[in-house]
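So this block is final_27.txt, compact mmCIF, N, CA, C and O atoms:
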```
# COMPACT_ATOMS: atom_id res chain seq x y z
N MET A 29 29.90 73.41 -76.85
CA MET A 29 30.50 73.12 -75.58
C MET A 29 29.45 72.47 -74.69
O MET A 29 28.35 72.97 -74.54
N ARG A 30 29.82 71.33 -74.12
CA ARG A 30 28.91 70.63 -73.21
C ARG A 30 29.21 71.02 -71.76
O ARG A 30 30.36 71.24 -71.40
N PHE A 31 28.17 71.08 -70.96
CA PHE A 31 28.29 71.42 -69.55
C PHE A 31 27.65 70.32 -68.71
O PHE A 31 26.69 69.68 -69.13
N ASP A 32 28.18 70.16 -67.50
CA ASP A 32 27.56 69.27 -66.53
C ASP A 32 27.85 69.82 -65.14
O ASP A 32 28.73 70.68 -64.98
N TRP A 33 27.12 69.35 -64.14
CA TRP A 33 27.25 69.85 -62.78
C TRP A 33 26.53 68.91 -61.84
O TRP A 33 25.78 68.02 -62.26
N ASP A 34 26.75 69.10 -60.56
CA ASP A 34 26.05 68.36 -59.52
C ASP A 34 24.70 69.04 -59.31
O ASP A 34 24.65 70.22 -58.93
N ASN A 35 23.62 68.32 -59.57
CA ASN A 35 22.28 68.91 -59.48
C ASN A 35 21.92 69.39 -58.08
O ASN A 35 21.29 70.43 -57.92
N HIS A 36 22.31 68.63 -57.07
CA HIS A 36 22.01 69.04 -55.69
C HIS A 36 22.72 70.35 -55.36
O HIS A 36 22.12 71.28 -54.80
N LYS A 37 24.00 70.44 -55.70
CA LYS A 37 24.75 71.67 -55.46
C LYS A 37 24.14 72.84 -56.24
O LYS A 37 24.05 73.96 -55.73
N SER A 38 23.70 72.57 -57.45
CA SER A 38 23.08 73.61 -58.27
C SER A 38 21.83 74.17 -57.60
O SER A 38 21.62 75.38 -57.57
N GLN A 39 21.02 73.29 -57.02
CA GLN A 39 19.81 73.73 -56.32
C GLN A 39 20.16 74.58 -55.10
O GLN A 39 19.52 75.60 -54.85
N LEU A 40 21.18 74.15 -54.36
CA LEU A 40 21.60 74.93 -53.18
C LEU A 40 22.12 76.30 -53.58
O LEU A 40 21.80 77.31 -52.93
N LEU A 41 22.91 76.36 -54.65
CA LEU A 41 23.43 77.65 -55.12
C LEU A 41 22.29 78.56 -55.56
O LEU A 41 22.31 79.76 -55.30
N GLN A 42 21.29 77.99 -56.23
CA GLN A 42 20.15 78.81 -56.67
C GLN A 42 19.41 79.38 -55.46
O GLN A 42 19.05 80.55 -55.44
N GLN A 43 19.23 78.58 -54.43
CA GLN A 43 18.55 79.06 -53.23
C GLN A 43 19.35 80.14 -52.51
O GLN A 43 18.80 81.11 -52.03
N ASN A 44 20.67 79.95 -52.44
CA ASN A 44 21.52 80.83 -51.64
C ASN A 44 22.07 82.03 -52.41
O ASN A 44 22.34 83.07 -51.80
N ARG A 45 22.27 81.89 -53.72
CA ARG A 45 22.92 82.96 -54.47
C ARG A 45 22.11 83.47 -55.66
O ARG A 45 22.52 84.42 -56.31
N GLY A 46 21.01 82.81 -55.99
CA GLY A 46 20.11 83.36 -56.99
C GLY A 46 20.13 82.71 -58.36
O GLY A 46 19.20 82.91 -59.14
N TYR A 47 21.16 81.96 -58.69
CA TYR A 47 21.23 81.32 -60.00
C TYR A 47 21.61 79.85 -59.84
O TYR A 47 22.38 79.49 -58.95
N SER A 48 21.10 79.03 -60.75
CA SER A 48 21.53 77.63 -60.81
C SER A 48 22.81 77.55 -61.64
O SER A 48 23.16 78.49 -62.37
N LEU A 49 23.50 76.41 -61.56
CA LEU A 49 24.70 76.23 -62.38
C LEU A 49 24.34 76.21 -63.86
O LEU A 49 25.11 76.67 -64.70
N GLU A 50 23.17 75.70 -64.20
CA GLU A 50 22.74 75.74 -65.60
C GLU A 50 22.64 77.18 -66.09
O GLU A 50 23.10 77.52 -67.18
N GLU A 51 22.07 78.04 -65.29
CA GLU A 51 21.93 79.45 -65.67
C GLU A 51 23.29 80.13 -65.82
O GLU A 51 23.50 80.92 -66.74
N ILE A 52 24.23 79.83 -64.94
CA ILE A 52 25.51 80.52 -65.02
C ILE A 52 26.40 80.00 -66.15
O ILE A 52 27.40 80.62 -66.48
N SER A 53 26.03 78.89 -66.77
CA SER A 53 26.80 78.41 -67.93
C SER A 53 26.82 79.45 -69.04
O SER A 53 27.73 79.47 -69.87
N VAL A 54 25.86 80.37 -69.03
CA VAL A 54 25.78 81.45 -70.01
C VAL A 54 27.03 82.34 -69.95
O VAL A 54 27.46 82.89 -70.96
N VAL A 55 27.62 82.46 -68.77
CA VAL A 55 28.84 83.27 -68.61
C VAL A 55 29.92 82.79 -69.58
O VAL A 55 30.62 83.58 -70.20
N LEU A 56 30.02 81.46 -69.74
CA LEU A 56 31.06 80.89 -70.59
C LEU A 56 30.72 80.98 -72.08
O LEU A 56 31.55 80.63 -72.92
N ALA A 57 29.54 81.44 -72.39
CA ALA A 57 29.16 81.63 -73.79
C ALA A 57 29.41 83.07 -74.25
O ALA A 57 29.35 83.36 -75.44
N GLY A 58 29.71 83.95 -73.31
CA GLY A 58 29.95 85.36 -73.63
C GLY A 58 31.41 85.73 -73.50
O GLY A 58 32.30 84.87 -73.55
N ASP A 59 31.66 87.01 -73.33
CA ASP A 59 33.02 87.50 -73.10
C ASP A 59 33.39 87.29 -71.64
O ASP A 59 32.66 87.73 -70.75
N TYR A 60 34.50 86.63 -71.41
CA TYR A 60 34.94 86.41 -70.03
C TYR A 60 36.45 86.36 -69.98
O TYR A 60 37.12 86.11 -70.97
N VAL A 61 36.97 86.61 -68.80
CA VAL A 61 38.40 86.51 -68.53
C VAL A 61 38.62 85.16 -67.84
O VAL A 61 37.89 84.82 -66.91
N GLU A 62 39.60 84.42 -68.32
CA GLU A 62 39.88 83.11 -67.74
C GLU A 62 41.24 83.11 -67.06
O GLU A 62 42.21 83.65 -67.61
N GLN A 63 41.29 82.51 -65.88
CA GLN A 63 42.54 82.34 -65.17
C GLN A 63 42.60 80.92 -64.64
O GLN A 63 41.58 80.32 -64.33
N VAL A 64 43.82 80.39 -64.53
CA VAL A 64 44.01 79.05 -63.98
C VAL A 64 44.19 79.17 -62.47
O VAL A 64 44.95 80.01 -62.00
N LYS A 65 43.45 78.35 -61.75
CA LYS A 65 43.64 78.28 -60.29
C LYS A 65 44.71 77.23 -60.01
O LYS A 65 44.90 76.30 -60.76
N ARG A 66 45.39 77.37 -58.92
CA ARG A 66 46.44 76.41 -58.55
C ARG A 66 45.84 75.33 -57.65
O ARG A 66 46.09 75.27 -56.46
N ASP A 67 45.05 74.48 -58.26
CA ASP A 67 44.37 73.41 -57.53
C ASP A 67 44.64 72.07 -58.22
O ASP A 67 45.06 72.01 -59.36
N ASP A 68 44.33 71.01 -57.51
CA ASP A 68 44.37 69.68 -58.09
C ASP A 68 43.06 69.01 -57.74
O ASP A 68 42.78 68.82 -56.55
N PRO A 69 42.20 68.72 -58.69
CA PRO A 69 42.47 68.80 -60.12
C PRO A 69 42.53 70.26 -60.61
O PRO A 69 42.03 71.16 -59.93
N GLU A 70 43.10 70.41 -61.78
CA GLU A 70 43.24 71.75 -62.35
C GLU A 70 41.86 72.38 -62.54
O GLU A 70 40.97 71.76 -63.11
N GLN A 71 41.71 73.59 -62.04
CA GLN A 71 40.46 74.33 -62.16
C GLN A 71 40.74 75.69 -62.77
O GLN A 71 41.85 76.20 -62.72
N PHE A 72 39.69 76.26 -63.34
CA PHE A 72 39.76 77.56 -63.97
C PHE A 72 38.73 78.47 -63.34
O PHE A 72 37.71 78.01 -62.85
N ILE A 73 38.99 79.76 -63.41
CA ILE A 73 38.01 80.76 -62.98
C ILE A 73 37.69 81.62 -64.20
O ILE A 73 38.59 82.09 -64.90
N ALA A 74 36.42 81.76 -64.48
CA ALA A 74 35.95 82.62 -65.56
C ALA A 74 35.20 83.79 -64.92
O ALA A 74 34.31 83.58 -64.10
N ILE A 75 35.57 84.99 -65.30
CA ILE A 75 34.93 86.19 -64.78
C ILE A 75 34.16 86.81 -65.94
O ILE A 75 34.76 87.20 -66.95
N GLY A 76 32.85 86.86 -65.83
CA GLY A 76 32.03 87.40 -66.90
C GLY A 76 30.63 87.74 -66.42
O GLY A 76 30.26 87.46 -65.27
N TYR A 77 29.87 88.32 -67.31
CA TYR A 77 28.53 88.81 -66.95
C TYR A 77 27.43 87.81 -67.24
O TYR A 77 27.45 87.12 -68.26
N LEU A 78 26.49 87.77 -66.33
CA LEU A 78 25.19 87.15 -66.54
C LEU A 78 24.20 88.27 -66.33
O LEU A 78 24.03 88.76 -65.20
N GLY A 79 23.60 88.74 -67.41
CA GLY A 79 22.77 89.93 -67.32
C GLY A 79 23.62 91.11 -66.92
O GLY A 79 24.65 91.38 -67.53
N ASN A 80 23.25 91.78 -65.84
CA ASN A 80 23.99 92.94 -65.35
C ASN A 80 24.90 92.60 -64.17
O ASN A 80 25.43 93.50 -63.52
N THR A 81 25.06 91.32 -63.87
CA THR A 81 25.84 90.91 -62.70
C THR A 81 27.14 90.26 -63.14
O THR A 81 27.13 89.30 -63.92
N LEU A 82 28.25 90.76 -62.63
CA LEU A 82 29.56 90.17 -62.91
C LEU A 82 29.77 89.00 -61.94
O LEU A 82 29.72 89.17 -60.73
N LEU A 83 30.00 87.82 -62.51
CA LEU A 83 30.15 86.60 -61.72
C LEU A 83 31.51 85.97 -61.95
O LEU A 83 32.10 86.11 -63.03
N SER A 84 31.98 85.26 -60.94
CA SER A 84 33.20 84.45 -61.05
C SER A 84 32.76 83.00 -60.95
O SER A 84 32.10 82.59 -59.99
N VAL A 85 33.12 82.22 -61.97
CA VAL A 85 32.68 80.84 -62.10
C VAL A 85 33.90 79.92 -62.05
O VAL A 85 34.86 80.11 -62.79
N ILE A 86 33.84 78.92 -61.18
CA ILE A 86 34.90 77.92 -61.10
C ILE A 86 34.45 76.70 -61.90
O ILE A 86 33.33 76.22 -61.73
N TYR A 87 35.35 76.21 -62.76
CA TYR A 87 35.02 75.03 -63.56
C TYR A 87 36.27 74.20 -63.83
O TYR A 87 37.40 74.65 -63.64
N GLU A 88 36.03 72.97 -64.26
CA GLU A 88 37.08 72.04 -64.65
C GLU A 88 36.78 71.54 -66.06
O GLU A 88 35.62 71.50 -66.47
N ILE A 89 37.81 71.13 -66.76
CA ILE A 89 37.64 70.44 -68.03
C ILE A 89 37.74 68.95 -67.73
O ILE A 89 38.72 68.48 -67.14
N ARG A 90 36.72 68.22 -68.11
CA ARG A 90 36.67 66.77 -67.88
C ARG A 90 36.43 66.06 -69.21
O ARG A 90 36.05 66.68 -70.20
N TYR A 91 36.59 64.74 -69.17
CA TYR A 91 36.41 63.93 -70.37
C TYR A 91 35.58 62.70 -70.03
O TYR A 91 35.69 62.15 -68.94
N ASP A 92 34.75 62.29 -70.99
CA ASP A 92 34.02 61.05 -70.89
C ASP A 92 34.01 60.39 -72.27
O ASP A 92 34.74 60.84 -73.17
N GLU A 93 33.20 59.37 -72.44
CA GLU A 93 33.18 58.64 -73.71
C GLU A 93 32.76 59.52 -74.90
O GLU A 93 33.11 59.24 -76.04
N ALA A 94 32.04 60.61 -74.64
CA ALA A 94 31.61 61.52 -75.70
C ALA A 94 32.62 62.63 -75.96
O ALA A 94 32.44 63.44 -76.85
N GLY A 95 33.68 62.70 -75.13
CA GLY A 95 34.69 63.73 -75.33
C GLY A 95 34.78 64.71 -74.18
O GLY A 95 34.42 64.41 -73.04
N GLU A 96 35.23 65.91 -74.51
CA GLU A 96 35.47 66.95 -73.51
C GLU A 96 34.17 67.64 -73.10
O GLU A 96 33.29 67.85 -73.93
N TYR A 97 34.09 67.99 -71.82
CA TYR A 97 32.98 68.80 -71.35
C TYR A 97 33.44 69.67 -70.19
O TYR A 97 34.51 69.45 -69.61
N VAL A 98 32.65 70.68 -69.86
CA VAL A 98 32.94 71.61 -68.79
C VAL A 98 32.12 71.21 -67.56
O VAL A 98 30.90 71.15 -67.63
N TRP A 99 32.83 70.94 -66.46
CA TRP A 99 32.18 70.62 -65.18
C TRP A 99 32.13 71.90 -64.36
O TRP A 99 33.16 72.44 -63.97
N LEU A 100 30.93 72.41 -64.13
CA LEU A 100 30.74 73.63 -63.36
C LEU A 100 30.78 73.30 -61.87
O LEU A 100 30.05 72.41 -61.42
N VAL A 101 31.63 74.00 -61.14
CA VAL A 101 31.85 73.69 -59.72
C VAL A 101 31.06 74.62 -58.82
O VAL A 101 30.29 74.18 -57.97
N THR A 102 31.24 75.93 -59.00
CA THR A 102 30.56 76.92 -58.15
C THR A 102 30.69 78.29 -58.79
O THR A 102 31.34 78.46 -59.83
N TYR A 103 30.08 79.27 -58.16
CA TYR A 103 30.21 80.66 -58.61
C TYR A 103 29.90 81.58 -57.45
O TYR A 103 29.37 81.17 -56.42
N TRP A 104 30.24 82.85 -57.64
CA TRP A 104 29.91 83.90 -56.68
C TRP A 104 29.90 85.24 -57.42
O TRP A 104 30.42 85.34 -58.54
N LYS A 105 29.31 86.24 -56.79
CA LYS A 105 29.38 87.59 -57.33
C LYS A 105 30.83 88.03 -57.25
O LYS A 105 31.48 87.90 -56.20
N SER A 106 31.37 88.53 -58.33
CA SER A 106 32.79 88.86 -58.41
C SER A 106 33.19 89.89 -57.36
O SER A 106 32.44 90.82 -57.06
N THR A 107 34.38 89.72 -56.84
CA THR A 107 34.93 90.65 -55.87
C THR A 107 35.41 91.91 -56.61
O THR A 107 35.51 91.93 -57.84
N LYS A 108 35.76 92.92 -55.85
CA LYS A 108 36.29 94.15 -56.44
C LYS A 108 37.55 93.84 -57.25
O LYS A 108 37.71 94.36 -58.35
N ARG A 109 38.42 93.00 -56.73
CA ARG A 109 39.65 92.64 -57.45
C ARG A 109 39.34 91.90 -58.75
O ARG A 109 39.95 92.16 -59.77
N GLU A 110 38.39 91.00 -58.71
CA GLU A 110 37.99 90.27 -59.92
C GLU A 110 37.37 91.22 -60.94
O GLU A 110 37.59 91.09 -62.15
N GLN A 111 36.62 92.21 -60.48
CA GLN A 111 36.05 93.21 -61.37
C GLN A 111 37.17 94.00 -62.04
O GLN A 111 37.12 94.28 -63.25
N GLU A 112 38.20 94.36 -61.28
CA GLU A 112 39.34 95.08 -61.86
C GLU A 112 40.05 94.25 -62.91
O GLU A 112 40.45 94.77 -63.97
N ILE A 113 40.21 92.97 -62.67
CA ILE A 113 40.83 92.06 -63.65
C ILE A 113 40.00 92.05 -64.93
O ILE A 113 40.52 92.15 -66.04
N TYR A 114 38.69 91.91 -64.79
CA TYR A 114 37.79 91.91 -65.95
C TYR A 114 37.93 93.21 -66.74
O TYR A 114 38.04 93.19 -67.97
N GLU A 115 37.92 94.32 -66.04
CA GLU A 115 37.97 95.62 -66.70
C GLU A 115 39.30 95.85 -67.43
O GLU A 115 39.33 96.55 -68.43
N GLN A 116 40.38 95.25 -66.95
CA GLN A 116 41.66 95.37 -67.65
C GLN A 116 41.58 94.78 -69.05
O GLN A 116 42.26 95.25 -69.95
N TYR A 117 40.77 93.76 -69.23
CA TYR A 117 40.67 93.08 -70.54
C TYR A 117 39.63 93.72 -71.45
O TYR A 117 39.76 93.65 -72.67
N PHE A 118 38.56 94.28 -70.90
CA PHE A 118 37.44 94.70 -71.74
C PHE A 118 37.15 96.20 -71.73
O PHE A 118 36.20 96.64 -72.36
N TYR A 119 37.94 97.00 -71.01
CA TYR A 119 37.68 98.44 -71.03
C TYR A 119 38.94 99.20 -71.30
O TYR A 119 40.01 98.81 -71.22
```
Would you give me this structure, written as structure tokens?
Amino acid sequence: MRFDWDNHKSQLLQQNRGYSLEEISVVLAGDYVEQVKRDDPEQFIAIGYLGNTLLSVIYEIRYDEAGEYVWLVTYWKSTKREQEIYEQYFY
């Protein structure tokens, strides 16, 4: 799976929230719960762990000449409701 992101936004997120978008791509390599957001363009939310922290990651599926890739948009520490959704699937 290929990932891409806006480097400037990634730096801001790392300063403000502790992880870069490159680092949070690990969430999508592990066990996560996926939900579709009602946005245009179509976006997804993945709820999963990075280390001991449960994160919610917003991403899009995009295409280029090399094929499909995941465009990482943003992330945050999961809310209580998002934690409950995750626990319904994995506990």
From the list A:Ile52, A:Ile73, A:Leu78, A:Leu100, the nearest residue to Asn35 in chain A using all atoms listed in the file is A:Leu100
Mind giving me the straight-line distance from CA of Val101 in chain A to CA of Gly79 in chain A in Å, one decimal?
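Straight-line distance from CA of Val101 in chain A to CA of Gly79 in chain A works out to 20.1 Å.
Using all atoms listed in the file, the residues found no farther than 8 Å from Thr81 in chain A, other than those of its own chain fewer than 2 positions away, are Val55, Ile75, Gly76, Tyr77, Leu78, Gly79, Leu83, Ser84, Trp104, Lys105 and Ser106 of chain A.
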Would you give me, as a ChimeraX atom specification, the residues in range 50-86 of chain A that DSSP reads as helix (DSSP H, G or I)?
/A:50-57
Go ahead and save the residues from that selection, with N, CA, C and O atoms, as a PDB file, in the frame of the given file.
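In the end it all went to selection24.pdb:
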```pdb
ATOM      1  N   GLU A  50      23.170  75.700 -64.200  1.00  0.00           N
ATOM      2  CA  GLU A  50      22.740  75.740 -65.600  1.00  0.00           C
ATOM      3  C   GLU A  50      22.640  77.180 -66.090  1.00  0.00           C
ATOM      4  O   GLU A  50      23.100  77.520 -67.180  1.00  0.00           O
ATOM      5  N   GLU A  51      22.070  78.040 -65.290  1.00  0.00           N
ATOM      6  CA  GLU A  51      21.930  79.450 -65.670  1.00  0.00           C
ATOM      7  C   GLU A  51      23.290  80.130 -65.820  1.00  0.00           C
ATOM      8  O   GLU A  51      23.500  80.920 -66.740  1.00  0.00           O
ATOM      9  N   ILE A  52      24.230  79.830 -64.940  1.00  0.00           N
ATOM     10  CA  ILE A  52      25.510  80.520 -65.020  1.00  0.00           C
ATOM     11  C   ILE A  52      26.400  80.000 -66.150  1.00  0.00           C
ATOM     12  O   ILE A  52      27.400  80.620 -66.480  1.00  0.00           O
ATOM     13  N   SER A  53      26.030  78.890 -66.770  1.00  0.00           N
ATOM     14  CA  SER A  53      26.800  78.410 -67.930  1.00  0.00           C
ATOM     15  C   SER A  53      26.820  79.450 -69.040  1.00  0.00           C
ATOM     16  O   SER A  53      27.730  79.470 -69.870  1.00  0.00           O
ATOM     17  N   VAL A  54      25.860  80.370 -69.030  1.00  0.00           N
ATOM     18  CA  VAL A  54      25.780  81.450 -70.010  1.00  0.00           C
ATOM     19  C   VAL A  54      27.030  82.340 -69.950  1.00  0.00           C
ATOM     20  O   VAL A  54      27.460  82.890 -70.960  1.00  0.00           O
ATOM     21  N   VAL A  55      27.620  82.460 -68.770  1.00  0.00           N
ATOM     22  CA  VAL A  55      28.840  83.270 -68.610  1.00  0.00           C
ATOM     23  C   VAL A  55      29.920  82.790 -69.580  1.00  0.00           C
ATOM     24  O   VAL A  55      30.620  83.580 -70.200  1.00  0.00           O
ATOM     25  N   LEU A  56      30.020  81.460 -69.740  1.00  0.00           N
ATOM     26  CA  LEU A  56      31.060  80.890 -70.590  1.00  0.00           C
ATOM     27  C   LEU A  56      30.720  80.980 -72.080  1.00  0.00           C
ATOM     28  O   LEU A  56      31.550  80.630 -72.920  1.00  0.00           O
ATOM     29  N   ALA A  57      29.540  81.440 -72.390  1.00  0.00           N
ATOM     30  CA  ALA A  57      29.160  81.630 -73.790  1.00  0.00           C
ATOM     31  C   ALA A  57      29.410  83.070 -74.250  1.00  0.00           C
ATOM     32  O   ALA A  57      29.350  83.360 -75.440  1.00  0.00           O
TER      33      ALA A  57
END
```
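Our summary of the geometry notes that atom O of Ala94 in chain A is positioned 25.1 Å from atom N of Ser48 in chain A.
The coordinates place CA of Asn44 in chain A at 20.8 Å from atom N of Glu88 in chain A.
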For Glu115 in chain A, which residue out of A:Ala74, A:Val61, A:Val98, A:Arg45 is the nearest one, using only C-alpha atoms?
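Closest to Glu115 in chain A, using only C-alpha atoms: A:Val61.
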Those in chain A with strand (DSSP E) from DSSP, as a short mmCIF file (atom, residue, chain, number, x, y, z; two decimals) with N, CA, C and O atoms, in the frame of the given file:
```cif
data_model
loop_
_atom_site.label_atom_id
_atom_site.label_comp_id
_atom_site.auth_asym_id
_atom_site.auth_seq_id
_atom_site.Cartn_x
_atom_site.Cartn_y
_atom_site.Cartn_z
N PHE A 31 28.17 71.08 -70.96
CA PHE A 31 28.29 71.42 -69.55
C PHE A 31 27.65 70.32 -68.71
O PHE A 31 26.69 69.68 -69.13
N ASP A 32 28.18 70.16 -67.50
CA ASP A 32 27.56 69.27 -66.53
C ASP A 32 27.85 69.82 -65.14
O ASP A 32 28.73 70.68 -64.98
N TYR A 60 34.50 86.63 -71.41
CA TYR A 60 34.94 86.41 -70.03
C TYR A 60 36.45 86.36 -69.98
O TYR A 60 37.12 86.11 -70.97
N VAL A 61 36.97 86.61 -68.80
CA VAL A 61 38.40 86.51 -68.53
C VAL A 61 38.62 85.16 -67.84
O VAL A 61 37.89 84.82 -66.91
N GLU A 62 39.60 84.42 -68.32
CA GLU A 62 39.88 83.11 -67.74
C GLU A 62 41.24 83.11 -67.06
O GLU A 62 42.21 83.65 -67.61
N GLN A 63 41.29 82.51 -65.88
CA GLN A 63 42.54 82.34 -65.17
C GLN A 63 42.60 80.92 -64.64
O GLN A 63 41.58 80.32 -64.33
N VAL A 64 43.82 80.39 -64.53
CA VAL A 64 44.01 79.05 -63.98
C VAL A 64 44.19 79.17 -62.47
O VAL A 64 44.95 80.01 -62.00
N LYS A 65 43.45 78.35 -61.75
CA LYS A 65 43.64 78.28 -60.29
C LYS A 65 44.71 77.23 -60.01
O LYS A 65 44.90 76.30 -60.76
N GLN A 71 41.71 73.59 -62.04
CA GLN A 71 40.46 74.33 -62.16
C GLN A 71 40.74 75.69 -62.77
O GLN A 71 41.85 76.20 -62.72
N PHE A 72 39.69 76.26 -63.34
CA PHE A 72 39.76 77.56 -63.97
C PHE A 72 38.73 78.47 -63.34
O PHE A 72 37.71 78.01 -62.85
N ILE A 73 38.99 79.76 -63.41
CA ILE A 73 38.01 80.76 -62.98
C ILE A 73 37.69 81.62 -64.20
O ILE A 73 38.59 82.09 -64.90
N ALA A 74 36.42 81.76 -64.48
CA ALA A 74 35.95 82.62 -65.56
C ALA A 74 35.20 83.79 -64.92
O ALA A 74 34.31 83.58 -64.10
N ILE A 75 35.57 84.99 -65.30
CA ILE A 75 34.93 86.19 -64.78
C ILE A 75 34.16 86.81 -65.94
O ILE A 75 34.76 87.20 -66.95
N GLY A 76 32.85 86.86 -65.83
CA GLY A 76 32.03 87.40 -66.90
C GLY A 76 30.63 87.74 -66.42
O GLY A 76 30.26 87.46 -65.27
N TYR A 77 29.87 88.32 -67.31
CA TYR A 77 28.53 88.81 -66.95
C TYR A 77 27.43 87.81 -67.24
O TYR A 77 27.45 87.12 -68.26
N LEU A 78 26.49 87.77 -66.33
CA LEU A 78 25.19 87.15 -66.54
C LEU A 78 24.20 88.27 -66.33
O LEU A 78 24.03 88.76 -65.20
N THR A 81 25.06 91.32 -63.87
CA THR A 81 25.84 90.91 -62.70
C THR A 81 27.14 90.26 -63.14
O THR A 81 27.13 89.30 -63.92
N LEU A 82 28.25 90.76 -62.63
CA LEU A 82 29.56 90.17 -62.91
C LEU A 82 29.77 89.00 -61.94
O LEU A 82 29.72 89.17 -60.73
N LEU A 83 30.00 87.82 -62.51
CA LEU A 83 30.15 86.60 -61.72
C LEU A 83 31.51 85.97 -61.95
O LEU A 83 32.10 86.11 -63.03
N SER A 84 31.98 85.26 -60.94
CA SER A 84 33.20 84.45 -61.05
C SER A 84 32.76 83.00 -60.95
O SER A 84 32.10 82.59 -59.99
N VAL A 85 33.12 82.22 -61.97
CA VAL A 85 32.68 80.84 -62.10
C VAL A 85 33.90 79.92 -62.05
O VAL A 85 34.86 80.11 -62.79
N ILE A 86 33.84 78.92 -61.18
CA ILE A 86 34.90 77.92 -61.10
C ILE A 86 34.45 76.70 -61.90
O ILE A 86 33.33 76.22 -61.73
N TYR A 87 35.35 76.21 -62.76
CA TYR A 87 35.02 75.03 -63.56
C TYR A 87 36.27 74.20 -63.83
O TYR A 87 37.40 74.65 -63.64
N GLU A 88 36.03 72.97 -64.26
CA GLU A 88 37.08 72.04 -64.65
C GLU A 88 36.78 71.54 -66.06
O GLU A 88 35.62 71.50 -66.47
N ILE A 89 37.81 71.13 -66.76
CA ILE A 89 37.64 70.44 -68.03
C ILE A 89 37.74 68.95 -67.73
O ILE A 89 38.72 68.48 -67.14
N ARG A 90 36.72 68.22 -68.11
CA ARG A 90 36.67 66.77 -67.88
C ARG A 90 36.43 66.06 -69.21
O ARG A 90 36.05 66.68 -70.20
N TYR A 91 36.59 64.74 -69.17
CA TYR A 91 36.41 63.93 -70.37
C TYR A 91 35.58 62.70 -70.03
O TYR A 91 35.69 62.15 -68.94
N ASP A 92 34.75 62.29 -70.99
CA ASP A 92 34.02 61.05 -70.89
C ASP A 92 34.01 60.39 -72.27
O ASP A 92 34.74 60.84 -73.17
N GLY A 95 33.68 62.70 -75.13
CA GLY A 95 34.69 63.73 -75.33
C GLY A 95 34.78 64.71 -74.18
O GLY A 95 34.42 64.41 -73.04
N GLU A 96 35.23 65.91 -74.51
CA GLU A 96 35.47 66.95 -73.51
C GLU A 96 34.17 67.64 -73.10
O GLU A 96 33.29 67.85 -73.93
N TYR A 97 34.09 67.99 -71.82
CA TYR A 97 32.98 68.80 -71.35
C TYR A 97 33.44 69.67 -70.19
O TYR A 97 34.51 69.45 -69.61
N VAL A 98 32.65 70.68 -69.86
CA VAL A 98 32.94 71.61 -68.79
C VAL A 98 32.12 71.21 -67.56
O VAL A 98 30.90 71.15 -67.63
N TRP A 99 32.83 70.94 -66.46
CA TRP A 99 32.18 70.62 -65.18
C TRP A 99 32.13 71.90 -64.36
O TRP A 99 33.16 72.44 -63.97
N LEU A 100 30.93 72.41 -64.13
CA LEU A 100 30.74 73.63 -63.36
C LEU A 100 30.78 73.30 -61.87
O LEU A 100 30.05 72.41 -61.42
N VAL A 101 31.63 74.00 -61.14
CA VAL A 101 31.85 73.69 -59.72
C VAL A 101 31.06 74.62 -58.82
O VAL A 101 30.29 74.18 -57.97
N THR A 102 31.24 75.93 -59.00
CA THR A 102 30.56 76.92 -58.15
C THR A 102 30.69 78.29 -58.79
O THR A 102 31.34 78.46 -59.83
N TYR A 103 30.08 79.27 -58.16
CA TYR A 103 30.21 80.66 -58.61
C TYR A 103 29.90 81.58 -57.45
O TYR A 103 29.37 81.17 -56.42
N TRP A 104 30.24 82.85 -57.64
CA TRP A 104 29.91 83.90 -56.68
C TRP A 104 29.90 85.24 -57.42
O TRP A 104 30.42 85.34 -58.54
N LYS A 105 29.31 86.24 -56.79
CA LYS A 105 29.38 87.59 -57.33
C LYS A 105 30.83 88.03 -57.25
O LYS A 105 31.48 87.90 -56.20
#
```
Would you list the contacts of Ile89 in chain A as a list in words, taking every protein, DNA or RNA residue within 7 Å and counting all atoms listed in the file, but skipping same-chain residues closer than 2 positions in sequence?
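So the residues in contact are Glu70, Gln71, Phe72, Tyr87, Tyr91, Glu96, Tyr97, Val98 and Trp99 of chain A.
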Min atom-atom distance to Ser53 in chain A from the set A:Phe31, A:Ile113, A:Lys108, A:Asp67, counting all atoms listed in the file, belongs to A:Phe31
